[in-house]
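Novice: I'm passing along my_file-v5.csv; it holds CSV, C-alpha atoms.
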chain,number,residue,atom,x,y,z
A,1,MET,CA,16.5,30.6,-1.1
A,2,ILE,CA,19.3,28.1,-0.4
A,3,PHE,CA,18.6,24.8,1.1
A,4,SER,CA,21.1,23.0,3.2
A,5,SER,CA,22.4,19.8,1.7
A,6,ILE,CA,20.8,16.6,2.8
A,7,MET,CA,22.2,13.1,2.8
A,8,ASN,CA,20.4,11.1,0.2
A,9,VAL,CA,19.8,8.2,2.6
A,10,LYS,CA,19.3,8.4,6.3
A,11,LYS,CA,19.0,5.6,8.8
A,12,ILE,CA,16.1,6.4,11.1
A,13,LYS,CA,18.0,5.4,14.3
A,14,ASN,CA,20.5,8.2,13.6
A,15,ILE,CA,17.8,10.9,13.6
A,16,LYS,CA,17.2,12.6,16.9
A,17,ILE,CA,13.9,11.9,18.8
A,18,GLU,CA,12.1,15.0,20.1
A,19,ILE,CA,9.3,15.1,22.7
A,20,VAL,CA,6.0,16.5,21.4
A,21,SER,CA,5.0,18.7,24.3
A,22,ALA,CA,1.4,19.2,23.0
A,23,GLY,CA,0.8,15.5,23.2
A,24,GLU,CA,1.0,12.8,25.9
A,25,GLY,CA,3.4,10.0,25.4
A,26,THR,CA,4.2,11.5,22.0
A,27,SER,CA,7.5,11.9,20.3
A,28,ARG,CA,8.7,12.6,16.8
A,29,ARG,CA,11.7,12.5,14.4
A,30,VAL,CA,12.0,15.0,11.6
A,31,LEU,CA,13.1,12.8,8.8
A,32,ILE,CA,13.3,15.5,6.1
A,33,SER,CA,13.0,19.0,7.4
A,34,SER,CA,11.7,22.1,5.6
A,35,ASP,CA,15.3,23.3,5.4
A,36,GLU,CA,16.4,20.2,3.6
A,37,ALA,CA,13.8,20.0,0.8
A,38,PRO,CA,12.1,22.7,-1.2
A,39,ASN,CA,8.4,21.9,-0.9
A,40,PHE,CA,7.4,19.7,2.1
A,41,ALA,CA,8.7,18.0,5.2
A,42,MET,CA,8.5,14.4,6.4
A,43,ARG,CA,8.1,13.6,10.1
A,44,LYS,CA,7.6,10.3,11.9
A,45,PHE,CA,5.4,10.4,15.1
A,46,ILE,CA,5.2,7.8,17.8
A,47,ILE,CA,2.4,7.8,20.4
A,48,GLU,CA,2.7,5.3,23.2
A,49,PRO,CA,-0.2,3.2,24.6
A,50,GLY,CA,-2.4,5.4,26.7
A,51,GLY,CA,-1.0,8.5,25.0
A,52,GLY,CA,-2.5,10.9,22.5
A,53,ILE,CA,-2.6,14.4,21.0
A,54,PRO,CA,-5.6,16.7,22.0
A,55,ALA,CA,-7.8,18.3,19.4
A,56,HIS,CA,-6.1,21.1,17.6
A,57,THR,CA,-6.0,22.8,14.2
A,58,ASN,CA,-3.1,23.5,11.9
A,59,THR,CA,-3.0,26.1,9.2
A,60,VAL,CA,-1.5,23.5,6.8
A,61,GLU,CA,-2.8,20.2,5.7
A,62,HIS,CA,-1.4,16.8,6.8
A,63,GLU,CA,-0.8,13.7,4.7
A,64,GLN,CA,-0.3,10.7,6.9
A,65,TYR,CA,0.5,7.0,6.6
A,66,VAL,CA,0.1,4.6,9.5
A,67,LEU,CA,3.3,2.5,9.9
A,68,SER,CA,2.3,0.4,12.9
A,69,GLY,CA,-0.2,0.1,15.8
A,70,SER,CA,-3.7,1.5,15.8
A,71,ALA,CA,-5.4,4.5,17.2
A,72,THR,CA,-8.7,6.3,17.5
A,73,ILE,CA,-8.6,9.6,15.7
A,74,GLY,CA,-11.0,12.5,15.2
A,75,ILE,CA,-11.1,14.6,12.1
A,76,GLY,CA,-13.7,17.3,12.2
A,77,ASP,CA,-16.9,15.6,13.4
A,78,GLU,CA,-15.9,12.1,12.4
A,79,VAL,CA,-14.1,9.5,14.5
A,80,TYR,CA,-12.1,6.7,12.9
A,81,GLU,CA,-10.2,3.6,14.0
A,82,VAL,CA,-7.0,3.5,12.0
A,83,GLU,CA,-4.3,0.9,11.7
A,84,LYS,CA,-1.2,-0.1,9.8
A,85,ASP,CA,-1.2,0.9,6.1
A,86,ASP,CA,-4.2,3.3,6.4
A,87,VAL,CA,-3.9,6.7,4.7
A,88,VAL,CA,-5.1,9.8,6.5
A,89,TYR,CA,-5.7,13.2,5.1
A,90,ILE,CA,-6.4,16.2,7.4
A,91,PRO,CA,-7.3,19.3,5.5
A,92,ALA,CA,-5.9,22.6,6.8
A,93,GLY,CA,-7.9,24.2,9.5
A,94,VAL,CA,-9.9,21.1,10.5
A,95,PRO,CA,-9.7,20.0,14.2
A,96,HIS,CA,-8.1,16.6,14.7
A,97,TRP,CA,-7.0,14.5,17.7
A,98,TYR,CA,-5.4,11.1,18.4
A,99,GLU,CA,-5.9,8.6,21.2
A,100,VAL,CA,-4.0,5.3,21.5
A,101,ARG,CA,-6.2,2.8,23.3
A,102,SER,CA,-4.3,-0.3,22.1
A,103,GLU,CA,-1.3,-1.9,23.8
A,104,GLU,CA,1.0,-1.2,20.9
A,105,SER,CA,2.7,2.1,20.0
A,106,PHE,CA,1.1,4.0,17.2
A,107,GLU,CA,3.6,5.1,14.6
A,108,PHE,CA,2.8,7.2,11.5
A,109,LEU,CA,4.4,9.4,9.0
A,110,CYS,CA,3.1,13.0,8.7
A,111,MET,CA,4.0,15.1,5.7
A,112,VAL,CA,3.4,18.9,5.8
A,113,PRO,CA,4.0,21.6,3.2
A,114,ASN,CA,6.9,24.0,4.0
A,115,GLY,CA,5.9,27.4,5.4
A,116,ASP,CA,4.5,28.8,8.5
A,117,ASP,CA,2.1,26.6,10.5
A,118,LYS,CA,0.0,27.9,13.4
A,119,ILE,CA,-1.2,25.3,15.8
A,120,GLU,CA,-4.2,26.0,18.0
A,121,LEU,CA,-5.7,23.8,20.6
A,122,VAL,CA,-9.5,23.4,20.4
A,123,LYS,CA,-12.1,22.1,22.8
A,124,LYS,CA,-13.3,18.6,22.1
A,125,SER,CA,-17.1,18.7,22.0
B,1,MET,CA,-8.3,25.8,-8.3
B,2,ILE,CA,-10.8,23.4,-6.8
B,3,PHE,CA,-9.7,20.1,-5.4
B,4,SER,CA,-12.0,17.2,-5.4
B,5,SER,CA,-13.0,16.0,-2.0
B,6,ILE,CA,-11.0,13.3,-0.5
B,7,MET,CA,-12.0,10.7,2.1
B,8,ASN,CA,-10.2,11.5,5.3
B,9,VAL,CA,-9.2,7.8,5.8
B,10,LYS,CA,-8.5,5.3,3.1
B,11,LYS,CA,-7.8,1.6,3.4
B,12,ILE,CA,-4.9,0.8,1.1
B,13,LYS,CA,-6.6,-2.4,-0.2
B,14,ASN,CA,-9.4,-0.3,-1.6
B,15,ILE,CA,-6.9,1.7,-3.7
B,16,LYS,CA,-6.4,0.6,-7.3
B,17,ILE,CA,-3.0,-0.9,-8.2
B,18,GLU,CA,-1.4,0.4,-11.4
B,19,ILE,CA,1.5,-1.2,-13.4
B,20,VAL,CA,4.5,1.1,-13.7
B,21,SER,CA,5.5,0.4,-17.3
B,22,ALA,CA,8.9,2.1,-17.0
B,23,GLY,CA,9.9,-0.5,-14.4
B,24,GLU,CA,10.1,-4.3,-14.3
B,25,GLY,CA,7.9,-6.0,-11.7
B,26,THR,CA,6.9,-2.6,-10.5
B,27,SER,CA,3.4,-1.4,-9.5
B,28,ARG,CA,2.0,1.5,-7.5
B,29,ARG,CA,-1.0,2.9,-5.7
B,30,VAL,CA,-1.7,6.6,-5.7
B,31,LEU,CA,-2.7,7.1,-2.1
B,32,ILE,CA,-3.4,10.8,-2.2
B,33,SER,CA,-3.3,12.3,-5.7
B,34,SER,CA,-2.4,15.8,-6.8
B,35,ASP,CA,-6.1,16.4,-7.4
B,36,GLU,CA,-6.9,15.5,-3.8
B,37,ALA,CA,-4.4,17.7,-1.9
B,38,PRO,CA,-3.1,21.2,-2.6
B,39,ASN,CA,0.6,20.7,-2.4
B,40,PHE,CA,2.0,17.2,-2.8
B,41,ALA,CA,1.0,13.6,-3.7
B,42,MET,CA,1.6,10.4,-1.8
B,43,ARG,CA,2.2,7.1,-3.7
B,44,LYS,CA,3.2,3.6,-2.6
B,45,PHE,CA,5.4,1.6,-4.9
B,46,ILE,CA,6.1,-2.2,-4.9
B,47,ILE,CA,9.0,-3.7,-6.7
B,48,GLU,CA,9.0,-7.5,-6.8
B,49,PRO,CA,12.2,-9.6,-6.3
B,50,GLY,CA,14.3,-9.4,-9.5
B,51,GLY,CA,12.5,-6.2,-10.6
B,52,GLY,CA,13.6,-2.6,-10.7
B,53,ILE,CA,13.3,0.8,-12.3
B,54,PRO,CA,16.0,1.9,-14.7
B,55,ALA,CA,18.0,5.1,-14.3
B,56,HIS,CA,15.9,8.2,-15.0
B,57,THR,CA,15.5,11.8,-14.0
B,58,ASN,CA,12.4,13.7,-12.8
B,59,THR,CA,11.9,17.4,-12.9
B,60,VAL,CA,10.6,17.2,-9.3
B,61,GLU,CA,12.2,15.9,-6.1
B,62,HIS,CA,11.2,12.7,-4.3
B,63,GLU,CA,10.9,12.1,-0.6
B,64,GLN,CA,10.7,8.4,0.1
B,65,TYR,CA,10.3,6.1,3.1
B,66,VAL,CA,11.1,2.4,2.9
B,67,LEU,CA,8.2,0.3,4.3
B,68,SER,CA,9.5,-3.2,3.8
B,69,GLY,CA,12.1,-5.2,2.0
B,70,SER,CA,15.5,-4.0,0.7
B,71,ALA,CA,16.9,-2.7,-2.5
B,72,THR,CA,20.0,-1.5,-4.2
B,73,ILE,CA,19.5,2.1,-5.4
B,74,GLY,CA,21.6,4.6,-7.3
B,75,ILE,CA,21.3,8.3,-6.7
B,76,GLY,CA,23.7,10.4,-8.9
B,77,ASP,CA,27.0,8.6,-8.7
B,78,GLU,CA,26.3,6.9,-5.3
B,79,VAL,CA,25.0,3.4,-4.7
B,80,TYR,CA,23.1,2.6,-1.5
B,81,GLU,CA,21.7,-0.5,0.1
B,82,VAL,CA,18.4,0.5,1.6
B,83,GLU,CA,16.0,-1.3,3.9
B,84,LYS,CA,12.9,-0.9,6.0
B,85,ASP,CA,12.7,2.5,7.8
B,86,ASP,CA,15.3,4.2,5.7
B,87,VAL,CA,14.6,7.7,4.5
B,88,VAL,CA,15.6,8.6,0.9
B,89,TYR,CA,15.8,12.0,-0.7
B,90,ILE,CA,16.2,12.3,-4.5
B,91,PRO,CA,16.7,15.9,-5.6
B,92,ALA,CA,15.1,17.1,-8.8
B,93,GLY,CA,17.1,16.4,-11.9
B,94,VAL,CA,19.4,13.7,-10.3
B,95,PRO,CA,19.5,10.3,-12.1
B,96,HIS,CA,18.3,7.5,-9.9
B,97,TRP,CA,17.5,3.7,-10.2
B,98,TYR,CA,16.3,0.8,-8.2
B,99,GLU,CA,17.2,-2.9,-8.3
B,100,VAL,CA,15.6,-5.5,-6.0
B,101,ARG,CA,18.1,-8.3,-5.4
B,102,SER,CA,16.6,-9.7,-2.3
B,103,GLU,CA,13.8,-12.3,-2.1
B,104,GLU,CA,11.3,-10.0,-0.6
B,105,SER,CA,9.3,-7.3,-2.3
B,106,PHE,CA,10.6,-3.8,-1.9
B,107,GLU,CA,7.8,-1.4,-0.8
B,108,PHE,CA,8.2,2.3,-0.3
B,109,LEU,CA,6.3,5.5,-0.1
B,110,CYS,CA,7.2,8.3,-2.6
B,111,MET,CA,6.0,11.8,-2.1
B,112,VAL,CA,6.2,14.4,-4.9
B,113,PRO,CA,5.1,18.0,-5.2
B,114,ASN,CA,2.1,18.8,-7.3
B,115,GLY,CA,2.8,20.1,-10.8
B,116,ASP,CA,4.2,18.9,-14.0
B,117,ASP,CA,6.9,16.2,-13.9
B,118,LYS,CA,8.9,15.2,-16.9
B,119,ILE,CA,10.5,11.8,-16.7
B,120,GLU,CA,13.6,11.0,-18.8
B,121,LEU,CA,15.4,7.7,-19.0
B,122,VAL,CA,19.2,8.0,-18.8
B,123,LYS,CA,22.0,5.6,-19.6
B,124,LYS,CA,23.5,3.9,-16.5
B,125,SER,CA,27.3,4.4,-16.7
Can I see the file as structure tokens?

Specialist:
Amino acid sequence: MIFSSIMNVKKIKNIKIEIVSAGEGTSRRVLISSDEAPNFAMRKFIIEPGGGIPAHTNTVEHEQYVLSGSATIGIGDEVYEVEKDDVVYIPAGVPHWYEVRSEESFEFLCMVPNGDDKIELVKKS
Amino acid sequence: MIFSSIMNVKKIKNIKIEIVSAGEGTSRRVLISSDEAPNFAMRKFIIEPGGGIPAHTNTVEHEQYVLSGSATIGIGDEVYEVEKDDVVYIPAGVPHWYEVRSEESFEFLCMVPNGDDKIELVKKS
């Protein structure tokens, strides 16, 4: 497999913002894509106040780091209040959701392994 | 392979700080270790003003995100000034180094794939 060349340093403002249609008030930048690196991708998500992402599962795990703001998140049966500098791990297959109830945007990095990911919405019980 | 269970959310202040002996004024926290996740690890490095990490190679790639401060870094033959919110990619095998010339600590996340990594110091030309 041949990976496209990547710039060694990227300014975040030069990276395109995409709307995340599964969420509300949610957008993301793909900082390092699965085409640019051999093992995992780095994305930055922004969820605006009042926004969120409904409960869903992925077939891959997420490793996340909160950059700013705060949010209420669900992972499996647990609910957490997370804020800047918190570290979040979501195992593959575990339902998770996000709600931003504060007045500041919630920004976090989300790293995922390369390879196919299947996303499925689930009902929040 | 069985991975130890990981807490879904960690407060960074509860994670042990380790000195990075290869660097000067450099410490790190392992936020998600290779024992806690199946594919890659997340670490946070702090380099104090005047500190740095000399030129070295790794056998694995690095995906990095600058959280605060600024630094002069070398990747291969290129030298970059990096700051908060910059994204840095260091391919496997490419010499790289860090120098913090500003008056603020330089903090960054560094993700690496699981598996053996061999670190070799190299002469800065």

Novice: Could the residues of chain A within 8 Å of chain B, counting only C-alpha atoms, be given as an MDAnalysis selection string, please?

Specialist: chainID A and resid 6:12 31:32 39:40 42 63 67 75 80 82 85:90 113

Novice: Set the distance at 10 Å and use all atoms listed in the file: which residues neighbour Ala71 in chain B once local chain neighbours fewer than 5 positions away are removed? I'd like the list as a list in words.

Specialist: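 Neighbouring residues, sequence-local ones excluded: Ile47, Pro49, Gly51, Gly52, Val66, Tyr80, Glu81, Val82, Glu83, Lys84, Tyr98, Glu99, Val100, Arg101, Ser102, Glu104, Ser105, Phe106 and Glu107 of chain B.
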
Novice: Work out how far apart CA of Thr26 in chain B and CA of Gly69 in chain B are and give it in Å to one decimal.

Specialist: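 Going from CA of Thr26 in chain B over to CA of Gly69 in chain B, I get 13.8 Å.
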
Novice: For CA of Arg29 in chain A and CA of Glu103 in chain A, quote the distance in Å rounded to one decimal.

Specialist: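 Here the two named atoms are 21.6 Å from each other.
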
Novice: Using only C-alpha atoms, which residues sit within 10 Å of Lys123 in chain A once same-chain residues fewer than 6 positions away are excluded, as a CSV table (one decimal) with C-alpha atoms, keeping the file's coordinate frame?

Specialist:
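Result went into out-v7.csv, see below:
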chain,number,residue,atom,x,y,z
A,54,PRO,CA,-5.6,16.7,22.0
A,55,ALA,CA,-7.8,18.3,19.4
A,56,HIS,CA,-6.1,21.1,17.6
A,95,PRO,CA,-9.7,20.0,14.2

Novice: Just to confirm, what's the straight-line distance from CA of Phe45 in chain B to CA of Gly23 in chain B in Å (one decimal)?

Specialist: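 Answer for the CA of Phe45 in chain B to CA of Gly23 in chain B separation: 10.7 Å.
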
Novice: Please, which residues are within 10 Å of (-2.6, 27.2, 8.4) by the file's coordinates, counting all atoms listed in the file, and could they come as number ranges by chain?

Specialist: A: 57-61, 91-94, 115-120

Novice: Atoms are missing here; could range 70-87 of chain B be completed with N, CA and C atoms and written as a compact mmCIF listing (two decimals), keeping the file's coordinate frame?

Specialist:
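Output saved as rebuild-v6.txt:
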# COMPACT_ATOMS: atom_id res chain seq x y z
N SER B 70 14.20 -4.73 0.89
CA SER B 70 15.50 -4.00 0.70
C SER B 70 15.73 -3.88 -0.79
N ALA B 71 16.60 -2.95 -1.14
CA ALA B 71 16.90 -2.70 -2.50
C ALA B 71 18.28 -2.07 -2.66
N THR B 72 18.85 -2.21 -3.85
CA THR B 72 20.00 -1.50 -4.20
C THR B 72 19.56 -0.28 -5.04
N ILE B 73 19.92 0.92 -4.63
CA ILE B 73 19.50 2.10 -5.40
C ILE B 73 20.65 2.97 -5.74
N GLY B 74 20.54 3.61 -6.87
CA GLY B 74 21.60 4.60 -7.30
C GLY B 74 20.95 5.96 -7.27
N ILE B 75 21.71 6.92 -6.72
CA ILE B 75 21.30 8.30 -6.70
C ILE B 75 22.52 9.11 -7.17
N GLY B 76 22.46 9.72 -8.35
CA GLY B 76 23.70 10.40 -8.90
C GLY B 76 24.75 9.32 -9.05
N ASP B 77 25.93 9.56 -8.51
CA ASP B 77 27.00 8.60 -8.70
C ASP B 77 27.13 7.63 -7.49
N GLU B 78 26.23 7.75 -6.53
CA GLU B 78 26.30 6.90 -5.30
C GLU B 78 25.38 5.72 -5.43
N VAL B 79 25.79 4.61 -4.81
CA VAL B 79 25.00 3.40 -4.70
C VAL B 79 24.73 3.09 -3.26
N TYR B 80 23.50 2.80 -2.92
CA TYR B 80 23.10 2.60 -1.50
C TYR B 80 22.36 1.24 -1.42
N GLU B 81 22.54 0.57 -0.28
CA GLU B 81 21.70 -0.50 0.10
C GLU B 81 20.66 0.02 1.07
N VAL B 82 19.39 -0.04 0.72
CA VAL B 82 18.40 0.50 1.60
C VAL B 82 17.43 -0.55 2.10
N GLU B 83 16.86 -0.32 3.26
CA GLU B 83 16.00 -1.30 3.90
C GLU B 83 14.89 -0.57 4.68
N LYS B 84 14.00 -1.36 5.28
CA LYS B 84 12.90 -0.90 6.00
C LYS B 84 13.29 0.31 6.96
N ASP B 85 12.49 1.35 6.95
CA ASP B 85 12.70 2.50 7.80
C ASP B 85 13.77 3.47 7.35
N ASP B 86 14.39 3.21 6.21
CA ASP B 86 15.30 4.20 5.70
C ASP B 86 14.57 5.33 5.00
N VAL B 87 15.18 6.50 5.06
CA VAL B 87 14.60 7.70 4.50
C VAL B 87 15.46 8.08 3.26
